[in-house]
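Peer 1: Below is the file my_file-v8.pdb, which contains PDB, C-alpha atoms, pLDDT in the B column.
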```pdb
ATOM      1  CA  MET A   1     -35.751  -4.991  66.059  1.00 78.00           C
ATOM      2  CA  ASP A   2     -36.218  -4.504  69.797  1.00 82.00           C
ATOM      3  CA  ARG A   3     -38.370  -1.428  69.277  1.00 84.00           C
ATOM      4  CA  PHE A   4     -40.557  -2.488  66.330  1.00 85.00           C
ATOM      5  CA  GLY A   5     -40.180  -6.235  65.897  1.00 92.00           C
ATOM      6  CA  PRO A   6     -39.490  -7.913  62.557  1.00 94.00           C
ATOM      7  CA  LEU A   7     -42.014  -5.861  60.550  1.00 95.00           C
ATOM      8  CA  LEU A   8     -42.901  -2.162  60.439  1.00 95.00           C
ATOM      9  CA  ARG A   9     -46.338  -0.842  59.537  1.00 96.00           C
ATOM     10  CA  ILE A  10     -46.428   2.040  57.081  1.00 95.00           C
ATOM     11  CA  GLY A  11     -47.355   4.475  59.871  1.00 95.00           C
ATOM     12  CA  GLN A  12     -44.318   3.434  61.903  1.00 95.00           C
ATOM     13  CA  LEU A  13     -42.001   3.802  58.908  1.00 95.00           C
ATOM     14  CA  ALA A  14     -43.496   7.195  58.076  1.00 95.00           C
ATOM     15  CA  ALA A  15     -42.885   8.366  61.655  1.00 94.00           C
ATOM     16  CA  LEU A  16     -39.251   7.197  61.461  1.00 92.00           C
ATOM     17  CA  LEU A  17     -38.802   9.168  58.251  1.00 92.00           C
ATOM     18  CA  ASP A  18     -40.702  12.196  59.613  1.00 93.00           C
ATOM     19  CA  ARG A  19     -43.258  11.964  56.812  1.00 94.00           C
ATOM     20  CA  SER A  20     -46.980  11.457  56.640  1.00 96.00           C
ATOM     21  CA  PRO A  21     -48.214   7.945  55.814  1.00 96.00           C
ATOM     22  CA  ASP A  22     -49.956   9.277  52.690  1.00 96.00           C
ATOM     23  CA  GLY A  23     -46.803  11.073  51.547  1.00 94.00           C
ATOM     24  CA  LEU A  24     -44.785   7.903  52.009  1.00 93.00           C
ATOM     25  CA  ARG A  25     -47.355   5.866  50.066  1.00 92.00           C
ATOM     26  CA  ASN A  26     -47.162   8.365  47.197  1.00 92.00           C
ATOM     27  CA  SER A  27     -43.359   8.249  47.192  1.00 90.00           C
ATOM     28  CA  LEU A  28     -43.441   4.471  47.036  1.00 90.00           C
ATOM     29  CA  ARG A  29     -45.733   4.576  43.980  1.00 90.00           C
ATOM     30  CA  LEU A  30     -43.520   6.917  41.949  1.00 87.00           C
ATOM     31  CA  PRO A  31     -40.278   6.099  40.127  1.00 83.00           C
ATOM     32  CA  ALA A  32     -37.714   6.142  42.887  1.00 72.00           C
ATOM     33  CA  ASP A  33     -34.161   6.985  43.766  1.00 81.00           C
ATOM     34  CA  GLU A  34     -31.902   4.244  45.118  1.00 84.00           C
ATOM     35  CA  ALA A  35     -32.962   4.579  48.766  1.00 83.00           C
ATOM     36  CA  MET A  36     -36.685   4.591  48.036  1.00 88.00           C
ATOM     37  CA  GLN A  37     -36.215   1.624  45.704  1.00 89.00           C
ATOM     38  CA  SER A  38     -34.585  -0.250  48.592  1.00 89.00           C
ATOM     39  CA  LEU A  39     -37.631   0.471  50.747  1.00 91.00           C
ATOM     40  CA  LYS A  40     -39.896  -0.821  47.986  1.00 91.00           C
ATOM     41  CA  GLU A  41     -37.914  -4.059  48.000  1.00 92.00           C
ATOM     42  CA  ALA A  42     -38.339  -4.337  51.781  1.00 94.00           C
ATOM     43  CA  ARG A  43     -42.151  -4.469  51.414  1.00 94.00           C
ATOM     44  CA  VAL A  44     -44.072  -7.560  52.414  1.00 96.00           C
ATOM     45  CA  LYS A  45     -47.798  -8.048  51.921  1.00 95.00           C
ATOM     46  CA  VAL A  46     -49.643 -10.025  54.552  1.00 94.00           C
ATOM     47  CA  GLY A  47     -53.159 -10.348  53.278  1.00 95.00           C
ATOM     48  CA  ARG A  48     -54.145  -6.825  52.290  1.00 94.00           C
ATOM     49  CA  ARG A  49     -51.725  -5.136  54.674  1.00 94.00           C
ATOM     50  CA  VAL A  50     -48.309  -3.822  53.704  1.00 94.00           C
ATOM     51  CA  TYR A  51     -45.353  -4.135  56.058  1.00 96.00           C
ATOM     52  CA  PHE A  52     -41.643  -3.432  55.755  1.00 96.00           C
ATOM     53  CA  ARG A  53     -38.841  -5.715  56.961  1.00 96.00           C
ATOM     54  CA  THR A  54     -37.215  -3.920  59.896  1.00 94.00           C
ATOM     55  CA  SER A  55     -33.761  -5.326  59.174  1.00 93.00           C
ATOM     56  CA  GLU A  56     -33.810  -4.052  55.573  1.00 93.00           C
ATOM     57  CA  VAL A  57     -35.142  -0.638  56.618  1.00 93.00           C
ATOM     58  CA  ALA A  58     -32.312  -0.387  59.165  1.00 91.00           C
ATOM     59  CA  LYS A  59     -29.781  -1.111  56.402  1.00 91.00           C
ATOM     60  CA  VAL A  60     -31.276   1.605  54.177  1.00 88.00           C
ATOM     61  CA  LEU A  61     -31.297   4.152  56.988  1.00 87.00           C
ATOM     62  CA  GLY A  62     -27.819   3.229  58.167  1.00 85.00           C
ATOM     63  CA  ASP A  63     -25.959   3.301  54.857  1.00 65.00           C
ATOM     64  CA  GLY A  64     -25.686   7.096  54.525  1.00 51.00           C
ATOM     65  CA  SER A  65     -28.217   7.249  51.684  1.00 50.00           C
ATOM     66  CA  GLU A  66     -30.209  10.330  50.747  1.00 48.00           C
ATOM     67  CA  LEU A  67     -33.214   8.898  52.565  1.00 53.00           C
ATOM     68  CA  ALA A  68     -31.257   8.447  55.775  1.00 44.00           C
ATOM     69  CA  ARG A  69     -30.145  12.083  55.668  1.00 47.00           C
ATOM     70  CA  GLY A  70     -33.742  13.226  55.236  1.00 50.00           C
ATOM     71  CA  ASN A  71     -33.290  14.737  51.738  1.00 48.00           C
TER
END
```
Would you put the structure from the file into structure tokens?
Peer 2:
Amino acid sequence: MDRFGPLLRIGQLAALLDRSPDGLRNSLRLPADEAMQSLKEARVKVGRRVYFRTSEVAKVLGDGSELARGN
């Protein structure tokens, strides 16, 4: 929260996951595993922009999921 605030932009999330923003967008469109599904649920639209709740992303990355391990 200190680093990013309450919401992450897709570019910030992609950098955290060491992925390209376009690759992350594609992964979010496809049927997903449990970790990616959790990220989908963390999405918030503000107008036309898509953000992700930092607290929920931290939970996904901290729970030992496949996504957190980078697989």
Peer 1: So how many Å separate CA of Leu28 (chain A) and CA of Lys40 (chain A), to one decimal?
Peer 2: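 Atom-to-atom, CA of Leu28 (chain A) to CA of Lys40 (chain A), that is 6.4 Å.
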Peer 1: Under the rule that all atoms listed in the file are counted, which of A:Gln37, A:Ser27, A:Thr54, A:Ser20 is the nearest residue to Asp2 (chain A)?
Peer 2: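 Using all atoms listed in the file, Asp2 (chain A) sits closest to A:Thr54.
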Peer 1: Can you tell me which residues surround Leu7 (chain A) at a distance of at most 12 Å, considering only C-alpha atoms, apart from same-chain residues fewer than 2 positions away, and format the answer as number ranges by chain?
Peer 2: A: 1-5, 9-13, 42-46, 49-58
Peer 1: Any idea what's packed within 10 Å of Ala14 (chain A), counting only C-alpha atoms, ignoring anything in its chain fewer than 6 positions away? Could you give it as a compact mmCIF listing (two decimals) with C-alpha atoms, keeping the file's coordinate frame?
Peer 2:
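Saved as around_5.txt:
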```txt
# COMPACT_ATOMS: atom_id res chain seq x y z
CA LEU A 8 -42.90 -2.16 60.44
CA SER A 20 -46.98 11.46 56.64
CA PRO A 21 -48.21 7.94 55.81
CA ASP A 22 -49.96 9.28 52.69
CA GLY A 23 -46.80 11.07 51.55
CA LEU A 24 -44.78 7.90 52.01
CA ARG A 25 -47.36 5.87 50.07
```
Peer 1: Could you jot down the CA of Val60 (chain A) to CA of Ala15 (chain A) separation for me, Å, one decimal place?
Peer 2: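 So the two atoms, CA of Val60 (chain A) and CA of Ala15 (chain A), lie 15.4 Å apart.
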Peer 1: State, in Å with one decimal place, the distance from CA of Asn26 (chain A) to CA of Pro6 (chain A).
Peer 2: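 If I compute the distance from CA of Asn26 (chain A) to CA of Pro6 (chain A), I get 23.7 Å.
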